[in-house]
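Chemist: Got a structure for you, query_23.json, holding JSON, C-alpha atoms and all ligand atoms.
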```
[["chain", "number", "residue", "atom", "x", "y", "z"],
["A", 1161, "MET", "CA", 78.11, 6.97, 24.35],
["A", 1162, "SER", "CA", 79.75, 6.83, 20.96],
["A", 1163, "GLU", "CA", 78.58, 5.14, 17.83],
["A", 1164, "VAL", "CA", 79.78, 4.09, 14.39],
["A", 1165, "GLU", "CA", 77.76, 2.63, 11.53],
["A", 1166, "VAL", "CA", 79.03, -0.15, 9.31],
["A", 1167, "VAL", "CA", 77.56, -1.16, 5.94],
["A", 1168, "LEU", "CA", 77.81, -4.84, 4.99],
["A", 1169, "ARG", "CA", 76.98, -5.72, 1.40],
["A", 1170, "SER", "CA", 76.98, -9.52, 1.59],
["A", 1171, "ALA", "CA", 76.91, -12.37, 4.10],
["A", 1172, "ARG", "CA", 80.64, -12.73, 3.40],
["A", 1173, "GLU", "CA", 81.14, -9.14, 4.59],
["A", 1174, "THR", "CA", 79.08, -9.80, 7.72],
["A", 1175, "ILE", "CA", 81.41, -12.71, 8.48],
["A", 1176, "GLY", "CA", 84.39, -10.49, 7.74],
["A", 1177, "PHE", "CA", 83.15, -7.94, 10.23],
["A", 1178, "GLY", "CA", 82.84, -10.66, 12.89],
["A", 1179, "ARG", "CA", 86.42, -11.70, 12.18],
["A", 1180, "PHE", "CA", 87.58, -8.09, 12.39],
["A", 1181, "LEU", "CA", 86.10, -7.75, 15.88],
["A", 1182, "ALA", "CA", 87.28, -11.19, 17.01],
["A", 1183, "ASP", "CA", 90.88, -10.08, 16.54],
["A", 1184, "ARG", "CA", 90.29, -7.28, 19.03],
["A", 1185, "LEU", "CA", 88.32, -9.02, 21.78],
["A", 1186, "ARG", "CA", 89.40, -9.90, 25.30],
["A", 1187, "PRO", "CA", 88.13, -12.29, 27.96],
["A", 1188, "GLY", "CA", 85.02, -10.89, 29.63],
["A", 1189, "ASP", "CA", 83.85, -8.85, 26.63],
["A", 1190, "VAL", "CA", 80.09, -8.88, 26.09],
["A", 1191, "LEU", "CA", 78.56, -8.18, 22.66],
["A", 1192, "LEU", "CA", 74.80, -7.58, 22.54],
["A", 1193, "LEU", "CA", 73.32, -8.24, 19.09],
["A", 1194, "PHE", "CA", 70.00, -6.50, 18.48],
["A", 1195, "GLY", "CA", 67.96, -6.85, 15.30],
["A", 1196, "ASP", "CA", 65.06, -8.68, 13.69],
["A", 1197, "LEU", "CA", 65.06, -12.26, 12.50],
["A", 1198, "GLY", "CA", 67.23, -12.51, 9.39],
["A", 1199, "SER", "CA", 69.20, -9.33, 10.01],
["A", 1200, "GLY", "CA", 72.55, -11.14, 10.18],
["A", 1201, "LYS", "CA", 73.24, -11.72, 13.89],
["A", 1202, "THR", "CA", 74.12, -15.42, 13.65],
["A", 1203, "THR", "CA", 76.17, -14.80, 10.49],
["A", 1204, "PHE", "CA", 78.16, -12.23, 12.46],
["A", 1205, "VAL", "CA", 78.72, -14.79, 15.27],
["A", 1206, "GLN", "CA", 80.00, -17.25, 12.64],
["A", 1207, "GLY", "CA", 82.60, -14.62, 11.75],
["A", 1208, "LEU", "CA", 83.49, -14.15, 15.40],
["A", 1209, "ALA", "CA", 83.96, -17.90, 15.72],
["A", 1210, "GLU", "CA", 86.20, -18.04, 12.64],
["A", 1211, "GLY", "CA", 88.27, -15.19, 14.04],
["A", 1212, "LEU", "CA", 88.60, -17.00, 17.36],
["A", 1213, "ASP", "CA", 89.78, -20.18, 15.58],
["A", 1214, "VAL", "CA", 86.70, -22.20, 16.49],
["A", 1215, "ARG", "CA", 86.65, -25.33, 14.35],
["A", 1216, "GLU", "CA", 83.04, -26.35, 14.88],
["A", 1217, "PRO", "CA", 80.27, -24.81, 12.75],
["A", 1218, "VAL", "CA", 78.14, -22.23, 14.57],
["A", 1219, "THR", "CA", 74.42, -22.91, 14.30],
["A", 1220, "SER", "CA", 71.26, -21.18, 15.50],
["A", 1221, "PRO", "CA", 70.38, -23.11, 18.62],
["A", 1222, "THR", "CA", 66.69, -23.98, 18.83],
["A", 1223, "PHE", "CA", 66.43, -25.47, 22.30],
["A", 1224, "VAL", "CA", 69.80, -24.67, 23.80],
["A", 1225, "MET", "CA", 70.01, -21.01, 24.67],
["A", 1226, "ILE", "CA", 73.74, -20.89, 25.43],
["A", 1227, "LYS", "CA", 76.37, -22.81, 23.54],
["A", 1228, "THR", "CA", 80.09, -22.68, 24.28],
["A", 1229, "TYR", "CA", 82.53, -22.93, 21.37],
["A", 1230, "HIS", "CA", 86.18, -23.60, 22.05],
["A", 1231, "GLY", "CA", 88.66, -21.45, 20.17],
["A", 1232, "ARG", "CA", 91.62, -19.23, 21.00],
["A", 1233, "LEU", "CA", 89.17, -17.86, 23.59],
["A", 1234, "PRO", "CA", 85.93, -19.58, 24.54],
["A", 1235, "LEU", "CA", 82.94, -18.10, 22.73],
["A", 1236, "TYR", "CA", 79.62, -18.14, 24.60],
["A", 1237, "HIS", "CA", 76.89, -17.87, 21.98],
["A", 1238, "MET", "CA", 73.54, -17.02, 23.53],
["A", 1239, "ASP", "CA", 70.23, -16.90, 21.70],
["A", 1240, "LEU", "CA", 67.59, -15.66, 24.10],
["A", 1241, "PHE", "CA", 64.64, -15.57, 21.71],
["A", 1242, "ARG", "CA", 62.76, -17.97, 23.99],
["A", 1243, "LEU", "CA", 63.89, -16.54, 27.31],
["A", 1244, "SER", "CA", 61.16, -15.54, 29.73],
["A", 1245, "GLU", "CA", 61.32, -11.90, 30.75],
["A", 1246, "GLY", "CA", 63.75, -11.53, 33.66],
["A", 1247, "GLU", "CA", 64.94, -15.16, 33.61],
["A", 1248, "ASP", "CA", 68.63, -15.54, 34.58],
["A", 1249, "LEU", "CA", 70.68, -18.31, 32.97],
["A", 1250, "GLY", "CA", 73.68, -17.56, 35.17],
["A", 1251, "PHE", "CA", 74.87, -14.78, 32.89],
["A", 1252, "LEU", "CA", 77.30, -13.32, 35.40],
["A", 1253, "GLU", "CA", 79.36, -16.50, 35.48],
["A", 1254, "TYR", "CA", 79.83, -16.30, 31.72],
["A", 1255, "PHE", "CA", 80.84, -12.65, 31.87],
["A", 1256, "GLU", "CA", 83.37, -13.42, 34.58],
["A", 1257, "GLY", "CA", 84.74, -16.38, 32.63],
["A", 1258, "ASP", "CA", 87.68, -16.52, 30.22],
["A", 1259, "GLY", "CA", 85.57, -16.16, 27.13],
["A", 1260, "VAL", "CA", 83.64, -13.59, 25.15],
["A", 1261, "SER", "CA", 79.84, -13.55, 25.08],
["A", 1262, "ALA", "CA", 77.78, -12.84, 21.97],
["A", 1263, "VAL", "CA", 74.09, -12.48, 22.77],
["A", 1264, "GLU", "CA", 71.24, -12.59, 20.24],
["A", 1265, "TRP", "CA", 67.88, -11.23, 21.44],
["A", 1266, "PRO", "CA", 69.32, -9.53, 24.52],
["A", 1267, "GLU", "CA", 66.16, -7.48, 25.15],
["A", 1268, "ALA", "CA", 64.64, -10.07, 27.49],
["A", 1269, "ALA", "CA", 67.48, -9.83, 29.99],
["A", 1270, "GLU", "CA", 68.43, -6.15, 29.83],
["A", 1271, "ALA", "CA", 68.94, -5.98, 33.62],
["A", 1272, "TYR", "CA", 71.85, -8.45, 33.48],
["A", 1273, "TRP", "CA", 74.08, -6.80, 30.87],
["A", 1274, "PRO", "CA", 77.18, -4.97, 32.02],
["A", 1275, "ALA", "CA", 77.16, -1.22, 31.42],
["A", 1276, "GLU", "CA", 80.25, -1.52, 29.25],
["A", 1277, "ALA", "CA", 78.79, -4.13, 26.89],
["A", 1278, "LEU", "CA", 79.26, -3.42, 23.18],
["A", 1279, "ARG", "CA", 75.86, -2.99, 21.52],
["A", 1280, "LEU", "CA", 75.37, -3.83, 17.85],
["A", 1281, "TYR", "CA", 72.07, -2.97, 16.14],
["A", 1282, "PHE", "CA", 71.55, -4.98, 12.93],
["A", 1283, "ASP", "CA", 69.21, -3.71, 10.26],
["A", 1284, "GLY", "CA", 68.22, -5.07, 6.86],
["A", 1285, "ALA", "CA", 66.74, -8.28, 5.51],
["A", 1286, "GLY", "CA", 66.62, -10.60, 2.52],
["A", 1287, "GLU", "CA", 69.16, -10.00, -0.21],
["A", 1288, "SER", "CA", 69.73, -6.38, 0.73],
["A", 1289, "THR", "CA", 72.66, -4.69, 2.42],
["A", 1290, "ARG", "CA", 72.85, -4.80, 6.23],
["A", 1291, "THR", "CA", 73.75, -1.86, 8.38],
["A", 1292, "VAL", "CA", 75.12, -2.30, 11.87],
["A", 1293, "ARG", "CA", 75.21, 0.55, 14.37],
["A", 1294, "VAL", "CA", 77.90, -0.15, 16.94],
["A", 1295, "ARG", "CA", 77.49, 1.68, 20.24],
["A", 1296, "ALA", "CA", 79.53, 1.64, 23.40],
["A", 1297, "THR", "CA", 80.42, 3.61, 26.47],
["A", 1298, "GLY", "CA", 83.68, 3.66, 28.34],
["A", 1299, "ALA", "CA", 87.39, 3.47, 27.71],
["A", 1300, "ARG", "CA", 87.40, -0.23, 26.83],
["A", 1301, "TRP", "CA", 85.72, 0.32, 23.49],
["A", 1302, "SER", "CA", 86.81, 3.72, 22.21],
["A", 1303, "PRO", "CA", 89.95, 2.42, 20.41],
["A", 1304, "LEU", "CA", 87.82, -0.30, 18.86],
["A", 1305, "LEU", "CA", 85.18, 2.15, 17.62],
["A", 1306, "GLU", "CA", 88.01, 4.18, 16.12],
["A", 1307, "ALA", "CA", 89.48, 1.09, 14.45],
["A", 1308, "ILE", "CA", 86.07, 0.23, 13.00],
["A", 1309, "GLY", "CA", 85.74, 3.78, 11.72],
["A", 1310, "ASP", "CA", 89.15, 3.61, 10.06],
["A", 1311, "ALA", "CA", 88.45, 0.25, 8.44],
["A", 1312, "TYR", "CA", 84.81, 0.63, 7.46],
["A", 1313, "LEU", "CA", 83.79, 4.25, 6.99],
["A", 1314, "GLY", "CA", 83.78, 5.73, 3.54],
["A", 1315, "ARG", "CA", 84.23, 2.40, 1.80],
["B", 1, "LIG", "N1", 75.35, -8.28, 4.75],
["B", 1, "LIG", "C1", 74.51, -9.20, 4.27],
["B", 1, "LIG", "N2", 73.95, -9.07, 3.05],
["B", 1, "LIG", "C2", 73.07, -9.99, 2.57],
["B", 1, "LIG", "N3", 72.67, -11.09, 3.25],
["B", 1, "LIG", "C3", 73.19, -11.29, 4.47],
["B", 1, "LIG", "C4", 74.13, -10.35, 5.04],
["B", 1, "LIG", "N4", 74.46, -10.80, 6.28],
["B", 1, "LIG", "C5", 73.78, -11.96, 6.47],
["B", 1, "LIG", "N5", 73.01, -12.25, 5.40],
["B", 1, "LIG", "C6", 72.09, -13.41, 5.24],
["B", 1, "LIG", "O1", 70.93, -13.19, 6.01],
["B", 1, "LIG", "C7", 70.33, -14.43, 6.36],
["B", 1, "LIG", "C8", 69.92, -14.43, 7.81],
["B", 1, "LIG", "O2", 71.05, -14.26, 8.60],
["B", 1, "LIG", "P1", 71.17, -14.72, 10.13],
["B", 1, "LIG", "O3", 72.57, -14.43, 10.50],
["B", 1, "LIG", "O4", 70.67, -16.10, 10.33],
["B", 1, "LIG", "O5", 70.18, -13.68, 10.85],
["B", 1, "LIG", "P2", 69.69, -13.61, 12.36],
["B", 1, "LIG", "O6", 70.62, -14.44, 13.21],
["B", 1, "LIG", "O7", 69.76, -12.14, 12.69],
["B", 1, "LIG", "O8", 68.29, -14.12, 12.37],
["B", 1, "LIG", "C9", 71.36, -15.49, 6.03],
["B", 1, "LIG", "O9", 70.92, -16.15, 4.85],
["B", 1, "LIG", "C10", 72.64, -14.71, 5.75],
["B", 1, "LIG", "O10", 73.45, -15.34, 4.79],
["B", 2, "MG", "MG", 70.13, -15.85, 14.72]]
```
Is it possible to give me this structure as structure tokens?
Ligand SMILES: Nc1ncnc2c1ncn2[C@@H]1O[C@H](COP(=O)(O)OP(=O)(O)O)[C@@H](O)[C@H]1O
Ligand SMILES: [Mg+2]
Modeler:
Amino acid sequence: MSEVEVVLRSARETIGFGRFLADRLRPGDVLLLFGDLGSGKTTFVQGLAEGLDVREPVTSPTFVMIKTYHGRLPLYHMDLFRLSEGEDLGFLEYFEGDGVSAVEWPEAAEAYWPAEALRLYFDGAGESTRTVRVRATGARWSPLLEAIGDAYLGR
């Protein structure tokens, strides 16, 4: 398991970080977004969507738990805040699809996530800076963690 930490000083930077990752994603990638309400998860997904050339605005779904956005790659935005423990929304079919999955509140479905998912832990609230710890295992992500390190560390 390796890890890098990114500091984001504004919502604009959180979006920028989403765009940075979007440029480096491939079909089947799964991003798990941990963190409290207000820590910047949806803002990050808005950046992902911009980077994937999605034209529609990304919102926080209240009743729909999975929304597909159509860009250069499909983006499956999941918000599982209201998921019952262990409930399966057909996650595997999304992971095996042509798109990338970005999952808010992934805790409730831990058993379904692939071992090689990228895990992002958001911290911070209100007007203050956000930190994001990015953790991954496996060969898929090590070049990406290195790229994040090069772009974001020591700024
Ligand atoms: N790096 C940041 N610095 C300051 N505010 C931020 C940052 N990133 C996001 N925000 C703001 O935090 C608020 C909550 O963000 P949101 O993405 O909805 O959080 P979550 O989806 O984790 O509940 C938004 O008003 C957003 O503009
Ligand atoms: Mg959210």
Chemist: Could you please extract the residues within 12 Å of ligand MG 2 (chain B), counting all atoms listed in the file, and hand them back as a VMD selection string?
Modeler: chain A and resid 1193 to 1206 1218 to 1222 1225 1237 to 1241 1262 to 1266 1282
Chemist: What is the distance, in Å and to one decimal place, between CA of Leu1235 (chain A) and CA of Leu1249 (chain A)?
Modeler: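 Computing it gives 16.0 Å between the two atoms.
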Chemist: Using all atoms listed in the file, which of the listed residues (A:Ser1162, A:Thr1291, A:Ser1261, A:Ser1302) sits closest to ligand LIG 1 (chain B)?
Modeler: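 Ranked by minimum distance to ligand LIG 1 (chain B), first place goes to A:Thr1291.
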Chemist: Could you work out an axis-aligned bounding box for all listed atoms of ligand LIG 1 (chain B), with 8 Å added on each of the six sides, and give its centre and edge lengths in Å to one decimal, as lines of an AutoDock Vina configuration file?
Modeler:
```
center_x = 71.8
center_y = -12.2
center_z = 7.9
size_x = 23.1
size_y = 23.9
size_z = 26.6
```
Chemist: CA of Glu1287 (chain A) to atom O6 of ligand LIG 1 (chain B): how many Å, to one decimal?
Modeler: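 Between CA of Glu1287 (chain A) and atom O6 of ligand LIG 1 (chain B) the gap is 14.2 Å.
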Chemist: Which residue gives the smallest distance to ligand LIG 1 (chain B) among A:Thr1297, A:Ser1170, A:Ser1244, A:Thr1228, with only C-alpha atoms and all ligand atoms counted?
Modeler: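 Looking at the shortest contact to ligand LIG 1 (chain B), the residue is A:Ser1170.
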Chemist: CA of Leu1168 (chain A) to CA of Val1214 (chain A): how many Å, to one decimal?
Modeler: 22.6 Å
Chemist: For Gly1257 (chain A), which residue among A:Glu1245, A:Ser1288, A:Gly1188, A:Leu1208 is the nearest when counting all atoms listed in the file?
Modeler: A:Gly1188
Chemist: Find the residue from A:Ala1311, A:Leu1181, A:Ala1171, A:Leu1191 that sits nearest to Tyr1281 (chain A); use only C-alpha atoms when measuring.
Modeler: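 The shortest atom-to-atom distance to Tyr1281 (chain A) comes from A:Leu1191.
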Chemist: With all atoms listed in the file as the atoms that count, which of A:Tyr1312, A:Phe1180, A:Tyr1229, A:Trp1301 lies nearest to Ala1275 (chain A)?
Modeler: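 Between A:Tyr1312, A:Phe1180, A:Tyr1229, A:Trp1301, the residue approaching Ala1275 (chain A) most closely is A:Trp1301.
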Chemist: When you count all atoms listed in the file, which of these residues is closest to ligand LIG 1 (chain B): A:Ile1175, A:Leu1212, A:Ile1226, A:Ala1268?
Modeler: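 When distances to ligand LIG 1 (chain B) are compared using all atoms listed in the file, the smallest one comes from A:Ile1175.
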Chemist: Near Leu1304 (chain A), within 10 Å and counting all atoms listed in the file, which residues show up once chain neighbours fewer than 6 positions away are dropped, as a list in words?
Modeler: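 Near neighbours after the sequence-gap exclusion: Leu1181, Arg1184, Leu1185, Ala1296 and Asp1310 of chain A.
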Chemist: List every protein, DNA or RNA residue that has at least one atom no more than 6 Å from (76.4, -2.2, 1.4) in the file's coordinates, counting only C-alpha atoms, and write the result as a PyMOL selection string.
Modeler: chain A and resi 1167-1169+1289
